[in-house]
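Data from structure17.cif: mmCIF, C-alpha atoms; chains and numbers go by the auth columns
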```cif
data_entry
#
loop_
_atom_site.group_PDB
_atom_site.id
_atom_site.type_symbol
_atom_site.label_atom_id
_atom_site.label_comp_id
_atom_site.label_asym_id
_atom_site.label_seq_id
_atom_site.Cartn_x
_atom_site.Cartn_y
_atom_site.Cartn_z
_atom_site.B_iso_or_equiv
_atom_site.auth_seq_id
_atom_site.auth_asym_id
ATOM 1 C CA MET A 1 -14.587 -0.737 1.657 0.00 1 A
ATOM 2 C CA VAL A 2 -17.949 -2.007 2.803 0.00 2 A
ATOM 3 C CA ILE A 3 -18.596 -5.723 3.007 0.00 3 A
ATOM 4 C CA LYS A 4 -22.195 -6.404 2.055 0.00 4 A
ATOM 5 C CA GLN A 5 -24.385 -8.571 4.192 0.00 5 A
ATOM 6 C CA PRO A 6 -24.811 -11.889 2.312 0.00 6 A
ATOM 7 C CA LYS A 7 -28.348 -13.070 1.647 0.00 7 A
ATOM 8 C CA ASN A 8 -29.614 -16.189 3.339 0.00 8 A
ATOM 9 C CA ILE A 9 -29.895 -19.161 0.999 0.00 9 A
ATOM 10 C CA LYS A 10 -32.300 -22.065 0.941 0.00 10 A
ATOM 11 C CA LEU A 11 -31.341 -25.086 -1.154 0.00 11 A
ATOM 12 C CA THR A 12 -33.629 -28.004 -1.897 0.00 12 A
ATOM 13 C CA ALA A 13 -32.618 -31.267 -3.513 0.00 13 A
ATOM 14 C CA GLU A 14 -34.863 -34.179 -4.450 0.00 14 A
ATOM 15 C CA GLN A 15 -33.857 -37.651 -5.447 0.00 15 A
ATOM 16 C CA LYS A 16 -36.590 -40.208 -6.001 0.00 16 A
ATOM 17 C CA ALA A 17 -38.773 -40.131 -2.886 0.00 17 A
ATOM 18 C CA THR A 18 -36.212 -38.312 -0.697 0.00 18 A
ATOM 19 C CA LYS A 19 -36.198 -34.561 -0.290 0.00 19 A
ATOM 20 C CA ALA A 20 -33.444 -32.613 1.459 0.00 20 A
ATOM 21 C CA GLU A 21 -33.476 -28.961 2.392 0.00 21 A
ATOM 22 C CA ILE A 22 -30.513 -26.896 3.521 0.00 22 A
ATOM 23 C CA LYS A 23 -30.626 -23.350 4.842 0.00 23 A
ATOM 24 C CA LEU A 24 -27.556 -21.149 5.015 0.00 24 A
ATOM 25 C CA VAL A 25 -28.336 -18.335 7.440 0.00 25 A
ATOM 26 C CA TRP A 26 -25.765 -15.594 7.895 0.00 26 A
ATOM 27 C CA LYS A 27 -25.254 -13.846 11.207 0.00 27 A
ATOM 28 C CA SER A 28 -27.172 -10.565 10.948 0.00 28 A
ATOM 29 C CA THR A 29 -24.094 -8.484 11.842 0.00 29 A
ATOM 30 C CA PHE A 30 -21.699 -10.277 9.439 0.00 30 A
ATOM 31 C CA GLY A 31 -21.314 -7.344 7.011 0.00 31 A
ATOM 32 C CA LYS A 32 -20.837 -4.677 9.669 0.00 32 A
ATOM 33 C CA GLU A 33 -18.390 -6.722 11.767 0.00 33 A
ATOM 34 C CA ASN A 34 -16.275 -7.745 8.794 0.00 34 A
ATOM 35 C CA THR A 35 -16.185 -4.217 7.389 0.00 35 A
ATOM 36 C CA GLU A 36 -14.845 -3.018 10.760 0.00 36 A
ATOM 37 C CA ARG A 37 -12.294 -5.858 10.854 0.00 37 A
ATOM 38 C CA PHE A 38 -11.152 -5.170 7.293 0.00 38 A
ATOM 39 C CA THR A 39 -10.835 -1.425 7.964 0.00 39 A
ATOM 40 C CA THR A 40 -8.752 -2.002 11.108 0.00 40 A
ATOM 41 C CA VAL A 41 -6.434 -4.406 9.292 0.00 41 A
ATOM 42 C CA GLN A 42 -6.079 -2.052 6.295 0.00 42 A
ATOM 43 C CA LYS A 43 -5.144 0.847 8.587 0.00 43 A
ATOM 44 C CA TYR A 44 -2.456 -1.343 10.157 0.00 44 A
ATOM 45 C CA VAL A 45 -1.078 -2.381 6.757 0.00 45 A
ATOM 46 C CA ASP A 46 -0.972 1.205 5.449 0.00 46 A
ATOM 47 C CA SER A 47 0.725 2.552 8.591 0.00 47 A
ATOM 48 C CA GLU A 48 3.190 -0.325 8.761 0.00 48 A
ATOM 49 C CA CYS A 49 4.181 0.080 5.106 0.00 49 A
ATOM 50 C CA ILE A 50 4.860 3.793 5.559 0.00 50 A
ATOM 51 C CA LYS A 51 6.901 3.109 8.702 0.00 51 A
ATOM 52 C CA LEU A 52 8.896 0.239 7.188 0.00 52 A
ATOM 53 C CA MET A 53 9.685 2.164 3.968 0.00 53 A
ATOM 54 C CA VAL A 54 11.597 4.867 5.857 0.00 54 A
ATOM 55 C CA PRO A 55 15.062 3.199 5.867 0.00 55 A
ATOM 56 C CA TYR A 56 14.842 2.588 2.089 0.00 56 A
ATOM 57 C CA THR A 57 13.563 6.067 1.229 0.00 57 A
ATOM 58 C CA PRO A 58 16.108 8.718 0.190 0.00 58 A
ATOM 59 C CA MET A 59 16.518 11.348 2.888 0.00 59 A
ATOM 60 C CA ARG A 60 18.136 14.707 2.746 0.00 60 A
ATOM 61 C CA ASN A 61 15.739 16.828 4.798 0.00 61 A
ATOM 62 C CA GLY A 62 12.875 14.424 5.659 0.00 62 A
ATOM 63 C CA ILE A 63 10.281 16.069 3.414 0.00 63 A
ATOM 64 C CA LEU A 64 9.869 12.953 1.256 0.00 64 A
ATOM 65 C CA GLN A 65 8.884 10.844 4.294 0.00 65 A
ATOM 66 C CA LYS A 66 6.485 13.541 5.482 0.00 66 A
ATOM 67 C CA GLY A 67 4.943 13.522 2.012 0.00 67 A
ATOM 68 C CA ALA A 68 3.885 9.889 2.454 0.00 68 A
ATOM 69 C CA VAL A 69 2.275 10.616 5.810 0.00 69 A
ATOM 70 C CA LEU A 70 0.520 13.768 4.607 0.00 70 A
ATOM 71 C CA GLY A 71 -0.540 12.365 1.229 0.00 71 A
ATOM 72 C CA THR A 72 -1.917 9.030 2.413 0.00 72 A
ATOM 73 C CA LYS A 73 -5.377 8.435 3.801 0.00 73 A
ATOM 74 C CA ILE A 74 -4.610 5.662 6.277 0.00 74 A
ATOM 75 C CA GLY A 75 -7.005 2.777 5.628 0.00 75 A
ATOM 76 C CA SER A 76 -7.425 3.510 1.903 0.00 76 A
ATOM 77 C CA GLY A 77 -5.033 0.774 0.794 0.00 77 A
ATOM 78 C CA GLU A 78 -3.016 3.257 -1.268 0.00 78 A
ATOM 79 C CA ILE A 79 0.105 5.201 -0.340 0.00 79 A
ATOM 80 C CA HIS A 80 0.325 8.643 -1.928 0.00 80 A
ATOM 81 C CA TYR A 81 3.132 11.168 -1.676 0.00 81 A
ATOM 82 C CA SER A 82 2.142 14.831 -1.553 0.00 82 A
ATOM 83 C CA ILE A 83 5.637 15.878 -2.702 0.00 83 A
ATOM 84 C CA PRO A 84 5.942 16.753 -6.424 0.00 84 A
ATOM 85 C CA TYR A 85 9.353 15.111 -6.891 0.00 85 A
ATOM 86 C CA ALA A 86 8.458 11.816 -5.152 0.00 86 A
ATOM 87 C CA ARG A 87 7.743 9.965 -8.405 0.00 87 A
ATOM 88 C CA TYR A 88 11.037 11.159 -9.878 0.00 88 A
ATOM 89 C CA GLN A 89 12.922 9.912 -6.804 0.00 89 A
ATOM 90 C CA TYR A 90 10.960 6.647 -6.635 0.00 90 A
ATOM 91 C CA TYR A 91 11.760 5.527 -10.174 0.00 91 A
ATOM 92 C CA GLY A 92 15.359 6.729 -9.829 0.00 92 A
ATOM 93 C CA LYS A 93 16.129 7.881 -13.372 0.00 93 A
ATOM 94 C CA LEU A 94 17.669 11.252 -14.141 0.00 94 A
ATOM 95 C CA MET A 95 15.474 13.741 -15.998 0.00 95 A
ATOM 96 C CA VAL A 96 17.061 16.704 -17.752 0.00 96 A
ATOM 97 C CA SER A 97 15.970 19.905 -19.461 0.00 97 A
ATOM 98 C CA SER A 98 14.918 19.280 -23.055 0.00 98 A
ATOM 99 C CA ILE A 99 16.684 22.526 -23.991 0.00 99 A
ATOM 100 C CA THR A 100 19.887 22.689 -21.941 0.00 100 A
ATOM 101 C CA GLY A 101 20.394 19.060 -20.864 0.00 101 A
ATOM 102 C CA SER A 102 20.720 20.274 -17.250 0.00 102 A
ATOM 103 C CA ALA A 103 19.051 18.516 -14.338 0.00 103 A
ATOM 104 C CA PHE A 104 17.536 21.920 -13.531 0.00 104 A
ATOM 105 C CA ALA A 105 14.843 23.264 -15.845 0.00 105 A
ATOM 106 C CA ALA A 106 13.462 26.773 -16.049 0.00 106 A
ATOM 107 C CA ARG A 107 9.801 27.384 -15.255 0.00 107 A
ATOM 108 C CA GLY A 108 7.627 26.014 -18.077 0.00 108 A
ATOM 109 C CA GLU A 109 10.518 24.061 -19.582 0.00 109 A
ATOM 110 C CA SER A 110 9.895 20.351 -20.094 0.00 110 A
ATOM 111 C CA LYS A 111 12.182 17.580 -18.931 0.00 111 A
ATOM 112 C CA VAL A 112 13.080 14.357 -20.678 0.00 112 A
ATOM 113 C CA LEU A 113 13.878 11.004 -19.139 0.00 113 A
ATOM 114 C CA THR A 114 17.387 9.590 -19.475 0.00 114 A
ATOM 115 C CA GLU A 115 18.717 6.104 -18.823 0.00 115 A
ATOM 116 C CA LYS A 116 21.068 7.422 -16.130 0.00 116 A
ATOM 117 C CA ASP A 117 20.314 6.199 -12.589 0.00 117 A
ATOM 118 C CA LEU A 118 20.007 8.719 -9.776 0.00 118 A
ATOM 119 C CA VAL A 119 22.695 8.463 -7.109 0.00 119 A
ATOM 120 C CA TYR A 120 21.190 8.602 -3.635 0.00 120 A
ATOM 121 C CA ASN A 121 22.931 10.174 -0.667 0.00 121 A
ATOM 122 C CA LYS A 122 23.169 7.396 1.931 0.00 122 A
ATOM 123 C CA ALA A 123 24.488 9.491 4.823 0.00 123 A
ATOM 124 C CA ARG A 124 21.175 9.439 6.743 0.00 124 A
ATOM 125 C CA HIS A 125 19.613 6.304 5.236 0.00 125 A
ATOM 126 C CA PRO A 126 22.317 3.835 4.173 0.00 126 A
ATOM 127 C CA LEU A 127 19.667 1.591 2.529 0.00 127 A
ATOM 128 C CA ALA A 128 18.155 4.433 0.440 0.00 128 A
ATOM 129 C CA GLN A 129 17.315 3.356 -3.103 0.00 129 A
ATOM 130 C CA ARG A 130 14.820 3.585 -5.932 0.00 130 A
ATOM 131 C CA LEU A 131 11.587 1.539 -5.735 0.00 131 A
ATOM 132 C CA TRP A 132 11.702 1.682 -1.935 0.00 132 A
ATOM 133 C CA PHE A 133 8.162 0.330 -1.523 0.00 133 A
ATOM 134 C CA GLU A 134 9.015 -2.779 -3.553 0.00 134 A
ATOM 135 C CA THR A 135 12.189 -3.310 -1.518 0.00 135 A
ATOM 136 C CA MET A 136 10.320 -2.874 1.759 0.00 136 A
ATOM 137 C CA LYS A 137 7.612 -5.284 0.599 0.00 137 A
ATOM 138 C CA HIS A 138 10.195 -7.899 -0.392 0.00 138 A
ATOM 139 C CA ASN A 139 11.953 -7.609 2.972 0.00 139 A
ATOM 140 C CA HIS A 140 8.930 -7.241 5.296 0.00 140 A
ATOM 141 C CA LYS A 141 5.933 -8.858 3.580 0.00 141 A
ATOM 142 C CA GLU A 142 5.717 -11.804 5.985 0.00 142 A
ATOM 143 C CA GLN A 143 6.016 -9.521 9.021 0.00 143 A
ATOM 144 C CA ILE A 144 3.175 -7.313 7.743 0.00 144 A
ATOM 145 C CA LEU A 145 0.981 -10.324 6.925 0.00 145 A
ATOM 146 C CA ARG A 146 1.544 -11.850 10.386 0.00 146 A
ATOM 147 C CA GLY A 147 0.617 -8.551 12.055 0.00 147 A
ATOM 148 C CA ALA A 148 -2.486 -8.166 9.875 0.00 148 A
ATOM 149 C CA ALA A 149 -3.573 -11.747 10.627 0.00 149 A
ATOM 150 C CA ALA A 150 -3.111 -11.200 14.376 0.00 150 A
ATOM 151 C CA ILE A 151 -5.240 -8.045 14.255 0.00 151 A
ATOM 152 C CA ALA A 152 -7.928 -9.786 12.192 0.00 152 A
ATOM 153 C CA LYS A 153 -8.145 -12.614 14.724 0.00 153 A
ATOM 154 C CA ARG A 154 -8.459 -10.205 17.668 0.00 154 A
ATOM 155 C CA LYS A 155 -11.433 -8.291 16.283 0.00 155 A
#
```
Could you express the structure from this file as structure tokens?
Amino acid sequence: MVIKQPKNIKLTAEQKATKAEIKLVWKSTFGKENTERFTTVQKYVDSECIKLMVPYTPMRNGILQKGAVLGTKIGSGEIHYSIPYARYQYYGKLMVSSITGSAFAARGESKVLTEKDLVYNKARHPLAQRLWFETMKHNHKEQILRGAAAIAKRK
């Protein structure tokens, strides 16, 4: 994101015989400095979210967590998973073969969504659950905002 340099403004007001003039002059580096500040803060927020989601993310072999790191451009403001089954795990509903009803589908076979919740193995992450980003946000939002505010003030 690029913050544009605001234009300077000159305001004039007249009332009867009195004339007032106000000039709002922006610092010439306002846009550049605030773009840098915003970018630094956004990188912190993205990295912190990925880190804080780990305990809530299902874990069998760690590939799902790696998918967030590999799929996300830190500083973009969006977390992407490069793992094909991440969406399935995130929403936590069982999908089955439209032909056999099995959780495993043959190549080219479509799957259908059921109302059955996935059961997560909690051996490695006892807090693992569906919608792990939402849970992390609920539990750590204030911590992330305080950290972002501290970084914004430092720049």
Students should find that CA of Ala150 in chain A and CA of Asn8 in chain A are spaced 29.1 Å
Could you state which residues are captured by the PyMOL selection byres ((chain A and resi 6) around 8) in this file, as a PDB file with C-alpha atoms, keeping the file's coordinate frame?
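Below you can see out31.pdb, which holds the result:
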```pdb
ATOM      1  CA  LYS A   4     -22.195  -6.404   2.055  1.00  0.00           C
ATOM      2  CA  GLN A   5     -24.385  -8.571   4.192  1.00  0.00           C
ATOM      3  CA  LYS A   7     -28.348 -13.070   1.647  1.00  0.00           C
ATOM      4  CA  ASN A   8     -29.614 -16.189   3.339  1.00  0.00           C
ATOM      5  CA  TRP A  26     -25.765 -15.594   7.895  1.00  0.00           C
ATOM      6  CA  PHE A  30     -21.699 -10.277   9.439  1.00  0.00           C
ATOM      7  CA  GLY A  31     -21.314  -7.344   7.011  1.00  0.00           C
TER       8      GLY A  31
END
```
Practice problem: Extract, using all atoms listed in the file, all DNA, RNA and protein residues at most 12 Å from range 103-105 of chain A, discarding same-chain residues fewer than 4 positions from it, and format them as a PyMOL selection string. | Solution: chain A and resi 88+93-99+109-114+116+118
Same residues, C-alpha atoms, saved as a PDB file, keeping the file's coordinate frame:
```pdb
ATOM      1  CA  TYR A  88      11.037  11.159  -9.878  1.00  0.00           C
ATOM      2  CA  LYS A  93      16.129   7.881 -13.372  1.00  0.00           C
ATOM      3  CA  LEU A  94      17.669  11.252 -14.141  1.00  0.00           C
ATOM      4  CA  MET A  95      15.474  13.741 -15.998  1.00  0.00           C
ATOM      5  CA  VAL A  96      17.061  16.704 -17.752  1.00  0.00           C
ATOM      6  CA  SER A  97      15.970  19.905 -19.461  1.00  0.00           C
ATOM      7  CA  SER A  98      14.918  19.280 -23.055  1.00  0.00           C
ATOM      8  CA  ILE A  99      16.684  22.526 -23.991  1.00  0.00           C
ATOM      9  CA  GLU A 109      10.518  24.061 -19.582  1.00  0.00           C
ATOM     10  CA  SER A 110       9.895  20.351 -20.094  1.00  0.00           C
ATOM     11  CA  LYS A 111      12.182  17.580 -18.931  1.00  0.00           C
ATOM     12  CA  VAL A 112      13.080  14.357 -20.678  1.00  0.00           C
ATOM     13  CA  LEU A 113      13.878  11.004 -19.139  1.00  0.00           C
ATOM     14  CA  THR A 114      17.387   9.590 -19.475  1.00  0.00           C
ATOM     15  CA  LYS A 116      21.068   7.422 -16.130  1.00  0.00           C
ATOM     16  CA  LEU A 118      20.007   8.719  -9.776  1.00  0.00           C
TER      17      LEU A 118
END
```
Using only C-alpha atoms, the residue out of A:Lys66, A:Lys73, A:Lys16, A:Lys27 with shortest distance to Met53 in chain A is A:Lys66
Would you work out the distance separating CA of Thr29 in chain A from CA of Ala152 in chain A, expressed in Å to one decimal?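 We find that CA of Thr29 in chain A and CA of Ala152 in chain A lie 16.2 Å from each other.
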Result set of the PyMOL selection byres ((chain A and resi 76) around 8) on the coordinates above, as a ChimeraX atom specification = /A:42-43,46,72-75,77-78
